[in-house]
$ cat structure13.cif   # mmCIF, C-alpha atoms and all ligand atoms; chains and numbers go by the auth columns
data_entry
#
loop_
_atom_site.group_PDB
_atom_site.id
_atom_site.type_symbol
_atom_site.label_atom_id
_atom_site.label_comp_id
_atom_site.label_asym_id
_atom_site.label_seq_id
_atom_site.Cartn_x
_atom_site.Cartn_y
_atom_site.Cartn_z
_atom_site.B_iso_or_equiv
_atom_site.auth_seq_id
_atom_site.auth_asym_id
ATOM 1 C CA MET A 1 88.080 83.840 104.313 0.00 1 Q
ATOM 2 C CA ASN A 2 87.139 80.633 105.929 0.00 2 Q
ATOM 3 C CA ARG A 3 89.576 80.820 108.785 0.00 3 Q
ATOM 4 C CA LYS A 4 88.142 80.579 112.248 0.00 4 Q
ATOM 5 C CA ARG A 5 87.098 83.872 113.707 0.00 5 Q
ATOM 6 C CA ASN A 6 87.982 85.170 117.110 0.00 6 Q
ATOM 7 C CA GLU A 7 85.015 85.809 119.343 0.00 7 Q
ATOM 8 C CA GLY A 8 87.255 88.050 121.423 0.00 8 Q
ATOM 9 C CA VAL A 9 85.954 87.220 124.870 0.00 9 Q
ATOM 10 C CA MET A 10 88.341 87.176 127.730 0.00 10 Q
ATOM 11 C CA ILE A 11 86.732 84.345 129.588 0.00 11 Q
ATOM 12 C CA MET A 12 88.696 81.577 131.137 0.00 12 Q
ATOM 13 C CA GLY A 13 86.499 78.729 132.232 0.00 13 Q
ATOM 14 C CA GLN A 14 83.814 80.550 134.150 0.00 14 Q
ATOM 15 C CA SER A 15 85.841 83.445 135.474 0.00 15 Q
ATOM 16 C CA LYS A 16 86.250 86.726 133.685 0.00 16 Q
ATOM 17 C CA ILE A 17 89.604 88.442 133.770 0.00 17 Q
ATOM 18 C CA PRO A 18 89.274 92.109 134.808 0.00 18 Q
ATOM 19 C CA LYS A 19 89.500 94.486 131.876 0.00 19 Q
ATOM 20 C CA ALA A 20 92.650 96.217 133.115 0.00 20 Q
ATOM 21 C CA THR A 21 94.373 92.843 133.455 0.00 21 Q
ATOM 22 C CA ALA A 22 93.205 91.736 130.018 0.00 22 Q
ATOM 23 C CA LYS A 23 94.727 94.871 128.507 0.00 23 Q
ATOM 24 C CA ARG A 24 98.141 93.968 129.904 0.00 24 Q
ATOM 25 C CA LEU A 25 97.986 90.421 128.561 0.00 25 Q
ATOM 26 C CA PRO A 26 99.550 91.107 125.142 0.00 26 Q
ATOM 27 C CA LEU A 27 102.367 92.982 126.863 0.00 27 Q
ATOM 28 C CA TYR A 28 103.177 90.031 129.095 0.00 28 Q
ATOM 29 C CA TYR A 29 102.754 87.652 126.229 0.00 29 Q
ATOM 30 C CA ARG A 30 105.245 89.408 123.981 0.00 30 Q
ATOM 31 C CA TYR A 31 107.876 89.528 126.686 0.00 31 Q
ATOM 32 C CA LEU A 32 107.401 85.878 127.638 0.00 32 Q
ATOM 33 C CA ILE A 33 107.848 84.840 124.017 0.00 33 Q
ATOM 34 C CA ASN A 34 111.202 86.611 124.062 0.00 34 Q
ATOM 35 C CA LEU A 35 112.201 84.849 127.270 0.00 35 Q
ATOM 36 C CA ASN A 36 111.130 81.502 125.883 0.00 36 Q
ATOM 37 C CA ASN A 37 113.137 82.126 122.717 0.00 37 Q
ATOM 38 C CA GLN A 38 116.159 82.801 124.892 0.00 38 Q
ATOM 39 C CA GLY A 39 115.624 79.427 126.531 0.00 39 Q
ATOM 40 C CA LYS A 40 114.524 80.831 129.887 0.00 40 Q
ATOM 41 C CA THR A 41 112.158 78.595 131.818 0.00 41 Q
ATOM 42 C CA ARG A 42 111.209 80.884 134.682 0.00 42 Q
ATOM 43 C CA VAL A 43 110.820 84.523 135.454 0.00 43 Q
ATOM 44 C CA SER A 44 110.320 86.541 138.620 0.00 44 Q
ATOM 45 C CA SER A 45 107.690 89.231 138.994 0.00 45 Q
ATOM 46 C CA GLN A 46 110.512 91.741 139.590 0.00 46 Q
ATOM 47 C CA GLU A 47 112.169 90.870 136.299 0.00 47 Q
ATOM 48 C CA LEU A 48 108.870 91.113 134.480 0.00 48 Q
ATOM 49 C CA SER A 49 108.096 94.356 136.226 0.00 49 Q
ATOM 50 C CA LYS A 50 111.286 95.956 134.938 0.00 50 Q
ATOM 51 C CA ALA A 51 110.741 94.718 131.414 0.00 51 Q
ATOM 52 C CA VAL A 52 107.086 95.607 130.947 0.00 52 Q
ATOM 53 C CA LYS A 53 106.991 98.612 133.311 0.00 53 Q
ATOM 54 C CA VAL A 54 104.124 97.360 135.434 0.00 54 Q
ATOM 55 C CA ASP A 55 104.681 97.229 139.196 0.00 55 Q
ATOM 56 C CA SER A 56 105.324 93.773 140.564 0.00 56 Q
ATOM 57 C CA ALA A 57 102.324 93.765 142.940 0.00 57 Q
ATOM 58 C CA THR A 58 100.044 94.317 139.936 0.00 58 Q
ATOM 59 C CA ILE A 59 101.825 91.558 138.031 0.00 59 Q
ATOM 60 C CA ARG A 60 101.336 89.148 140.925 0.00 60 Q
ATOM 61 C CA ARG A 61 97.654 90.027 141.140 0.00 61 Q
ATOM 62 C CA ASP A 62 97.219 89.725 137.355 0.00 62 Q
ATOM 63 C CA PHE A 63 98.961 86.373 137.284 0.00 63 Q
ATOM 64 C CA SER A 64 96.793 85.025 140.076 0.00 64 Q
ATOM 65 C CA TYR A 65 93.836 85.419 137.683 0.00 65 Q
ATOM 66 C CA PHE A 66 95.733 83.273 135.209 0.00 66 Q
ATOM 67 C CA GLY A 67 96.004 80.536 137.801 0.00 67 Q
ATOM 68 C CA ALA A 68 99.757 81.070 137.905 0.00 68 Q
ATOM 69 C CA LEU A 69 101.101 81.103 141.402 0.00 69 Q
ATOM 70 C CA GLY A 70 104.693 82.249 141.595 0.00 70 Q
ATOM 71 C CA LYS A 71 106.899 80.408 144.033 0.00 71 Q
ATOM 72 C CA LYS A 72 109.244 82.369 146.251 0.00 72 Q
ATOM 73 C CA GLY A 73 112.781 82.118 144.949 0.00 73 Q
ATOM 74 C CA TYR A 74 111.579 80.397 141.782 0.00 74 Q
ATOM 75 C CA GLY A 75 109.233 82.819 140.087 0.00 75 Q
ATOM 76 C CA TYR A 76 106.764 81.851 137.376 0.00 76 Q
ATOM 77 C CA ASN A 77 106.952 79.018 134.947 0.00 77 Q
ATOM 78 C CA VAL A 78 107.356 80.580 131.489 0.00 78 Q
ATOM 79 C CA GLU A 79 105.933 77.633 129.612 0.00 79 Q
ATOM 80 C CA TYR A 80 102.798 77.483 131.743 0.00 80 Q
ATOM 81 C CA LEU A 81 102.169 81.202 131.259 0.00 81 Q
ATOM 82 C CA LEU A 82 102.732 81.010 127.523 0.00 82 Q
ATOM 83 C CA GLY A 83 100.283 78.136 127.250 0.00 83 Q
ATOM 84 C CA PHE A 84 97.713 80.114 129.167 0.00 84 Q
ATOM 85 C CA PHE A 85 98.212 83.280 127.126 0.00 85 Q
ATOM 86 C CA ARG A 86 98.013 81.404 123.850 0.00 86 Q
ATOM 87 C CA LYS A 87 94.679 79.977 124.834 0.00 87 Q
ATOM 88 C CA THR A 88 93.323 83.196 126.244 0.00 88 Q
ATOM 89 C CA LEU A 89 94.472 85.415 123.430 0.00 89 Q
ATOM 90 C CA ASP A 90 93.228 82.855 120.924 0.00 90 Q
ATOM 91 C CA GLN A 91 96.617 82.809 119.258 0.00 91 Q
ATOM 92 C CA ASP A 92 95.585 79.895 117.120 0.00 92 Q
ATOM 93 C CA GLU A 93 92.636 81.734 115.692 0.00 93 Q
ATOM 94 C CA LEU A 94 93.103 84.544 113.263 0.00 94 Q
ATOM 95 C CA THR A 95 91.048 87.692 113.622 0.00 95 Q
ATOM 96 C CA GLU A 96 90.625 89.235 110.225 0.00 96 Q
ATOM 97 C CA VAL A 97 90.425 92.994 110.204 0.00 97 Q
ATOM 98 C CA ALA A 98 89.159 95.543 107.684 0.00 98 Q
ATOM 99 C CA LEU A 99 90.692 98.991 107.328 0.00 99 Q
ATOM 100 C CA ILE A 100 88.682 101.949 106.108 0.00 100 Q
ATOM 101 C CA GLY A 101 90.557 104.980 104.792 0.00 101 Q
ATOM 102 C CA VAL A 102 93.896 104.399 103.123 0.00 102 Q
ATOM 103 C CA GLY A 103 95.398 107.841 103.770 0.00 103 Q
ATOM 104 C CA ASN A 104 98.751 108.407 105.425 0.00 104 Q
ATOM 105 C CA LEU A 105 97.864 106.622 108.646 0.00 105 Q
ATOM 106 C CA GLY A 106 95.871 103.866 106.936 0.00 106 Q
ATOM 107 C CA THR A 107 98.755 103.215 104.534 0.00 107 Q
ATOM 108 C CA ALA A 108 101.177 102.928 107.437 0.00 108 Q
ATOM 109 C CA PHE A 109 98.935 100.340 109.089 0.00 109 Q
ATOM 110 C CA LEU A 110 98.655 98.313 105.899 0.00 110 Q
ATOM 111 C CA LYS A 111 102.422 98.290 105.534 0.00 111 Q
ATOM 112 C CA TYR A 112 102.980 97.404 109.160 0.00 112 Q
ATOM 113 C CA ASN A 113 100.049 95.009 109.361 0.00 113 Q
ATOM 114 C CA PHE A 114 100.706 93.976 112.938 0.00 114 Q
ATOM 115 C CA THR A 115 103.139 91.275 111.965 0.00 115 Q
ATOM 116 C CA ARG A 116 104.267 90.979 115.564 0.00 116 Q
ATOM 117 C CA ASN A 117 100.827 89.686 116.560 0.00 117 Q
ATOM 118 C CA ASN A 118 100.239 86.512 114.723 0.00 118 Q
ATOM 119 C CA ASN A 119 96.541 86.531 115.494 0.00 119 Q
ATOM 120 C CA THR A 120 95.341 89.736 113.879 0.00 120 Q
ATOM 121 C CA GLU A 121 95.691 90.703 110.266 0.00 121 Q
ATOM 122 C CA ILE A 122 94.246 93.374 108.015 0.00 122 Q
ATOM 123 C CA VAL A 123 92.918 91.458 105.046 0.00 123 Q
ATOM 124 C CA ILE A 124 90.853 94.049 103.207 0.00 124 Q
ATOM 125 C CA ALA A 125 90.800 97.843 102.857 0.00 125 Q
ATOM 126 C CA PHE A 126 88.359 100.418 101.488 0.00 126 Q
ATOM 127 C CA ASP A 127 88.750 103.968 100.267 0.00 127 Q
ATOM 128 C CA SER A 128 86.783 106.456 98.174 0.00 128 Q
ATOM 129 C CA ASP A 129 89.780 107.612 96.159 0.00 129 Q
ATOM 130 C CA GLU A 130 89.683 106.089 92.677 0.00 130 Q
ATOM 131 C CA LYS A 131 93.481 106.286 92.440 0.00 131 Q
ATOM 132 C CA LYS A 132 93.832 103.933 95.381 0.00 132 Q
ATOM 133 C CA VAL A 133 91.007 101.565 94.489 0.00 133 Q
ATOM 134 C CA GLY A 134 92.207 98.434 92.696 0.00 134 Q
ATOM 135 C CA THR A 135 95.726 98.689 94.123 0.00 135 Q
ATOM 136 C CA LYS A 136 97.285 96.719 96.945 0.00 136 Q
ATOM 137 C CA ILE A 137 99.388 97.905 99.856 0.00 137 Q
ATOM 138 C CA GLY A 138 101.358 95.368 101.856 0.00 138 Q
ATOM 139 C CA GLY A 139 99.476 92.719 99.905 0.00 139 Q
ATOM 140 C CA VAL A 140 96.093 94.007 101.105 0.00 140 Q
ATOM 141 C CA PRO A 141 93.585 94.768 98.344 0.00 141 Q
ATOM 142 C CA ILE A 142 91.865 98.170 98.364 0.00 142 Q
ATOM 143 C CA TYR A 143 88.236 98.346 97.249 0.00 143 Q
ATOM 144 C CA HIS A 144 85.912 101.266 96.706 0.00 144 Q
ATOM 145 C CA ILE A 145 83.926 102.210 99.780 0.00 145 Q
ATOM 146 C CA ASP A 146 80.751 101.702 97.731 0.00 146 Q
ATOM 147 C CA GLU A 147 81.664 98.018 97.602 0.00 147 Q
ATOM 148 C CA LEU A 148 81.763 97.656 101.371 0.00 148 Q
ATOM 149 C CA GLU A 149 78.262 96.257 101.528 0.00 149 Q
ATOM 150 C CA GLU A 150 79.105 93.542 99.061 0.00 150 Q
ATOM 151 C CA ARG A 151 82.741 92.777 99.986 0.00 151 Q
ATOM 152 C CA LEU A 152 82.767 92.852 103.757 0.00 152 Q
ATOM 153 C CA GLU A 153 81.914 89.350 104.855 0.00 153 Q
ATOM 154 C CA ASN A 154 82.648 87.565 108.116 0.00 154 Q
ATOM 155 C CA ILE A 155 84.803 90.329 109.497 0.00 155 Q
ATOM 156 C CA ASN A 156 83.930 91.797 112.840 0.00 156 Q
ATOM 157 C CA VAL A 157 86.825 94.113 113.548 0.00 157 Q
ATOM 158 C CA ALA A 158 87.549 97.329 111.661 0.00 158 Q
ATOM 159 C CA ILE A 159 90.123 100.093 111.846 0.00 159 Q
ATOM 160 C CA LEU A 160 88.809 103.549 111.037 0.00 160 Q
ATOM 161 C CA THR A 161 91.321 105.951 109.489 0.00 161 Q
ATOM 162 C CA VAL A 162 88.993 108.151 107.443 0.00 162 Q
ATOM 163 C CA PRO A 163 88.449 111.914 107.865 0.00 163 Q
ATOM 164 C CA ASP A 164 86.268 112.582 110.928 0.00 164 Q
ATOM 165 C CA THR A 165 83.504 114.081 108.779 0.00 165 Q
ATOM 166 C CA VAL A 166 82.604 110.670 107.371 0.00 166 Q
ATOM 167 C CA SER A 167 83.399 108.501 110.379 0.00 167 Q
ATOM 168 C CA GLN A 168 79.832 108.202 111.713 0.00 168 Q
ATOM 169 C CA GLN A 169 78.366 107.329 108.341 0.00 169 Q
ATOM 170 C CA ILE A 170 81.006 104.651 107.778 0.00 170 Q
ATOM 171 C CA THR A 171 80.572 103.343 111.297 0.00 171 Q
ATOM 172 C CA ASP A 172 76.850 102.858 110.625 0.00 172 Q
ATOM 173 C CA GLN A 173 77.683 100.905 107.473 0.00 173 Q
ATOM 174 C CA LEU A 174 80.194 98.746 109.342 0.00 174 Q
ATOM 175 C CA VAL A 175 77.742 98.020 112.134 0.00 175 Q
ATOM 176 C CA ALA A 176 75.068 97.115 109.604 0.00 176 Q
ATOM 177 C CA LYS A 177 77.520 94.563 108.168 0.00 177 Q
ATOM 178 C CA GLY A 178 78.041 92.953 111.561 0.00 178 Q
ATOM 179 C CA VAL A 179 81.231 94.657 112.722 0.00 179 Q
ATOM 180 C CA THR A 180 81.328 94.558 116.526 0.00 180 Q
ATOM 181 C CA GLY A 181 84.750 96.069 117.245 0.00 181 Q
ATOM 182 C CA ILE A 182 86.063 99.362 115.908 0.00 182 Q
ATOM 183 C CA LEU A 183 89.476 100.872 116.466 0.00 183 Q
ATOM 184 C CA ASN A 184 88.730 104.526 115.842 0.00 184 Q
ATOM 185 C CA PHE A 185 91.703 106.677 114.909 0.00 185 Q
ATOM 186 C CA THR A 186 89.584 109.641 113.877 0.00 186 Q
ATOM 187 C CA PRO A 187 89.150 112.505 116.342 0.00 187 Q
ATOM 188 C CA ALA A 188 85.356 112.041 116.110 0.00 188 Q
ATOM 189 C CA ARG A 189 83.411 110.343 118.895 0.00 189 Q
ATOM 190 C CA ILE A 190 81.242 107.817 117.143 0.00 190 Q
ATOM 191 C CA THR A 191 77.887 106.483 118.276 0.00 191 Q
ATOM 192 C CA VAL A 192 77.283 102.742 118.140 0.00 192 Q
ATOM 193 C CA PRO A 193 74.725 100.261 119.455 0.00 193 Q
ATOM 194 C CA LYS A 194 75.381 98.617 122.831 0.00 194 Q
ATOM 195 C CA ASN A 195 76.765 95.425 121.357 0.00 195 Q
ATOM 196 C CA VAL A 196 79.582 97.232 119.537 0.00 196 Q
ATOM 197 C CA ARG A 197 82.847 98.056 121.244 0.00 197 Q
ATOM 198 C CA VAL A 198 84.793 101.127 120.170 0.00 198 Q
ATOM 199 C CA HIS A 199 88.364 101.801 121.191 0.00 199 Q
ATOM 200 C CA HIS A 200 89.222 105.369 120.447 0.00 200 Q
ATOM 201 C CA ILE A 201 92.815 106.362 119.794 0.00 201 Q
ATOM 202 C CA ASP A 202 93.447 110.009 119.108 0.00 202 Q
ATOM 203 C CA LEU A 203 97.161 110.132 118.451 0.00 203 Q
ATOM 204 C CA SER A 204 97.465 113.906 118.646 0.00 204 Q
ATOM 205 C CA ILE A 205 95.765 113.967 122.043 0.00 205 Q
ATOM 206 C CA GLU A 206 97.988 111.152 123.271 0.00 206 Q
ATOM 207 C CA LEU A 207 101.060 113.068 122.190 0.00 207 Q
ATOM 208 C CA GLN A 208 99.858 116.311 123.741 0.00 208 Q
ATOM 209 C CA SER A 209 99.028 114.523 126.939 0.00 209 Q
ATOM 210 C CA LEU A 210 102.483 112.924 127.064 0.00 210 Q
ATOM 211 C CA ALA A 211 104.118 116.323 126.605 0.00 211 Q
ATOM 212 C CA TYR A 212 101.874 117.775 129.326 0.00 212 Q
ATOM 213 C CA PHE A 213 102.724 115.020 131.780 0.00 213 Q
ATOM 214 C CA LEU A 214 106.427 115.372 131.100 0.00 214 Q
ATOM 215 C CA LYS A 215 106.209 119.043 131.867 0.00 215 Q
ATOM 216 C CA HIS A 216 103.992 118.905 134.935 0.00 216 Q
ATOM 217 C CA TYR A 217 104.643 115.496 136.410 0.00 217 Q
ATOM 218 C CA PRO A 218 108.298 114.691 135.791 0.00 218 Q
ATOM 219 C CA LEU A 219 109.231 111.147 136.713 0.00 219 Q
ATOM 220 C CA ASP A 220 111.610 110.632 139.590 0.00 220 Q
ATOM 221 C CA ASP A 221 114.906 109.038 138.713 0.00 221 Q
ATOM 222 C CA GLU A 222 114.839 105.354 139.492 0.00 222 Q
HETATM 223 P P1 LIG B . 96.155 111.557 102.295 0.00 301 N
HETATM 224 O O1 LIG B . 97.498 112.219 102.303 0.00 301 N
HETATM 225 O O2 LIG B . 96.114 110.298 101.461 0.00 301 N
HETATM 226 O O3 LIG B . 95.018 112.487 101.955 0.00 301 N
HETATM 227 P P2 LIG B . 95.322 111.699 105.010 0.00 301 N
HETATM 228 O O4 LIG B . 95.407 110.669 106.071 0.00 301 N
HETATM 229 O O5 LIG B . 95.872 113.029 105.286 0.00 301 N
HETATM 230 O O6 LIG B . 95.947 111.047 103.749 0.00 301 N
HETATM 231 P P3 LIG B . 92.442 112.036 105.123 0.00 301 N
HETATM 232 O O7 LIG B . 91.787 113.233 104.528 0.00 301 N
HETATM 233 O O8 LIG B . 92.492 111.913 106.613 0.00 301 N
HETATM 234 O O9 LIG B . 93.846 111.902 104.456 0.00 301 N
HETATM 235 O O10 LIG B . 91.721 110.742 104.556 0.00 301 N
HETATM 236 C C1 LIG B . 92.133 109.471 104.844 0.00 301 N
HETATM 237 C C2 LIG B . 91.705 108.548 103.742 0.00 301 N
HETATM 238 O O11 LIG B . 90.293 108.379 103.809 0.00 301 N
HETATM 239 C C3 LIG B . 92.032 109.050 102.358 0.00 301 N
HETATM 240 O O12 LIG B . 92.702 108.043 101.633 0.00 301 N
HETATM 241 C C4 LIG B . 90.672 109.358 101.743 0.00 301 N
HETATM 242 O O13 LIG B . 90.657 109.089 100.362 0.00 301 N
HETATM 243 C C5 LIG B . 89.775 108.386 102.489 0.00 301 N
HETATM 244 N N1 LIG B . 88.377 108.771 102.529 0.00 301 N
HETATM 245 C C6 LIG B . 87.825 109.995 102.555 0.00 301 N
HETATM 246 N N2 LIG B . 86.483 109.928 102.560 0.00 301 N
HETATM 247 C C7 LIG B . 86.171 108.620 102.541 0.00 301 N
HETATM 248 C C8 LIG B . 84.958 107.876 102.528 0.00 301 N
HETATM 249 N N3 LIG B . 83.781 108.459 102.561 0.00 301 N
HETATM 250 N N4 LIG B . 85.043 106.538 102.482 0.00 301 N
HETATM 251 C C9 LIG B . 86.234 105.913 102.445 0.00 301 N
HETATM 252 N N5 LIG B . 87.406 106.531 102.448 0.00 301 N
HETATM 253 C C10 LIG B . 87.389 107.870 102.493 0.00 301 N
#
$ encode --input "structure13.cif" --output "structure tokens"
Amino acid sequence: MNRKRNEGVMIMGQSKIPKATAKRLPLYYRYLINLNNQGKTRVSSQELSKAVKVDSATIRRDFSYFGALGKKGYGYNVEYLLGFFRKTLDQDELTEVALIGVGNLGTAFLKYNFTRNNNTEIVIAFDSDEKKVGTKIGGVPIYHIDELEERLENINVAILTVPDTVSQQITDQLVAKGVTGILNFTPARITVPKNVRVHHIDLSIELQSLAYFLKHYPLDDE
């Protein structure tokens, strides 16, 4: 594991990109790759807006942070944007990720392994179930959770797919090993020191919320 690690900061020169803009970056990036593959050299904010479902005023504002100024009647230069995104998203540097809890959800992640992002990859997994330990899923080796201390080296991002009852205890272990980013799929709210970033994704709440919005805030026809 001697590949370069991603420090994960969204800083371009001296200026920080606003968080909301940074979150949309991968979305733009994926679409621009498609355009580039189709041989397109420019794109308008309206076209982008339709494809990524972000309103065009927001796209124009976002792109101004990237130093990309669209020209009227021409749009944005695809190659310039791709170059910028590659640099900003550190596409050349691989972020190695650990996954804790190889249950149904964890297994799905190992199989999927984010192959559409070429800069993040789950390289190691841990579980407490002896039947899973020593096996591989999607080429990723699964070790016993008791080996975390010894095996987890130079990895600062982890995905948490364990039962919520053990999530805090495992989080503490991860933090002690230098993990600074946790994607928490457990329903538990975990407590971490200030230097650790947690993104919490509760799929059942997301689904419920979607159903609620559909019911109470139907979208107008376009
Ligand atoms: P499954 O059908 O395999 O039980 P699940 O997603 O329904 O999947 P959960 O009970 O949520 O199961 O557990 C997720 C995974 O976390 C399981 O593989 C389980 O063995 C593992 N796990 C439970 N406790 C720990 C722990 N303390 N450390 C590491 N992994 C654990």
$ residues_near_ligand --input "structure13.cif" --ligand "ligand LIG 301 (chain N)" --cutoff "7 Å" --atoms "only C-alpha atoms and all ligand atoms" --output "count of residues only"
17
$ atom_distance --input "structure13.cif" --atom1 "atom CA of Gln169 of chain Q" --atom2 "atom CA of Ile190 of chain Q"
9.3 Å
$ closest_residue --input "structure13.cif" --among "Q:Ser56, Q:Thr95, Q:Asn36, Q:Gln46" --to "Asn156 of chain Q" --atoms "only C-alpha atoms"
Q:Thr95
$ residues_around --input "structure13.cif" --residues "Phe66 of chain Q" --least-positions-apart "4" --cutoff "9 Å" --atoms "only C-alpha atoms" --output "PDB file with C-alpha atoms, in the frame of the given file"
ATOM      1  CA  MET Q  12      88.696  81.577 131.137  1.00  0.00           C
ATOM      2  CA  ILE Q  17      89.604  88.442 133.770  1.00  0.00           C
ATOM      3  CA  ASP Q  62      97.219  89.725 137.355  1.00  0.00           C
ATOM      4  CA  LEU Q  81     102.169  81.202 131.259  1.00  0.00           C
ATOM      5  CA  PHE Q  84      97.713  80.114 129.167  1.00  0.00           C
ATOM      6  CA  PHE Q  85      98.212  83.280 127.126  1.00  0.00           C
TER       7      PHE Q  85
END
$ atom_distance --input "structure13.cif" --atom1 "atom CA of Thr41 of chain Q" --atom2 "atom CA of Val78 of chain Q"
5.2 Å
$ atom_distance --input "structure13.cif" --atom1 "atom CA of Tyr143 of chain Q" --atom2 "atom CA of Val157 of chain Q"
16.9 Å
$ closest_residue --input "structure13.cif" --among "Q:Asp172, Q:Glu121, Q:Glu147, Q:Glu153" --to "Glu93 of chain Q" --atoms "all atoms listed in the file"
Q:Glu121
$ residues_around --input "structure13.cif" --residues "Val43 of chain Q" --least-positions-apart "3" --cutoff "9 Å" --atoms "all atoms listed in the file" --output "PyMOL selection string"
chain Q and resi 32+35+40+46-48+70+74-78
$ resolve_selection --input "structure13.cif" --expression "the PyMOL selection byres (((chain Q and resi 151) around 12) and not hetatm)" --output "number ranges by chain"
Q: 1, 98, 123-126, 141-150, 152-155, 174, 177
$ residues_around --input "structure13.cif" --residues "segment 23-26 of chain Q" --least-positions-apart "5" --cutoff "9 Å" --atoms "all atoms listed in the file" --output "NGL selection string"
:Q and (18 or 31 or 54 or 62 or 85 or 88-89 or 117)
$ closest_residue --input "structure13.cif" --among "Q:Leu110, Q:Ile59, Q:Leu99, Q:Leu27" --to "Gly138 of chain Q" --atoms "only C-alpha atoms"
Q:Leu110
$ closest_residue --input "structure13.cif" --among "Q:Thr180, Q:Gln173, Q:Thr21, Q:Thr186" --to "Ile205 of chain Q" --atoms "only C-alpha atoms"
Q:Thr186
$ closest_residue --input "structure13.cif" --among "Q:Thr120, Q:Thr107, Q:Asn113, Q:Thr58" --to "Lys132 of chain Q" --atoms "all atoms listed in the file"
Q:Thr107
$ closest_residue --input "structure13.cif" --among "Q:Arg60, Q:Lys72, Q:Val97, Q:Arg86" --to "Tyr29 of chain Q" --atoms "all atoms listed in the file"
Q:Arg86
$ axis_aligned_box --input "structure13.cif" --around "segment 51-70 of chain Q" --padding-each-side "4 Å" --output "JSON"
{"center_x": 102.3, "center_y": 89.6, "center_z": 136.9, "size_x": 24.9, "size_y": 26.1, "size_z": 20.0}
$ resolve_selection --input "structure13.cif" --expression "the PyMOL selection byres (((chain Q and resi 181-185) around 7) and not hetatm)" --output "PyMOL selection string"
chain Q and resi 156-161+179-180+186-187+196-202
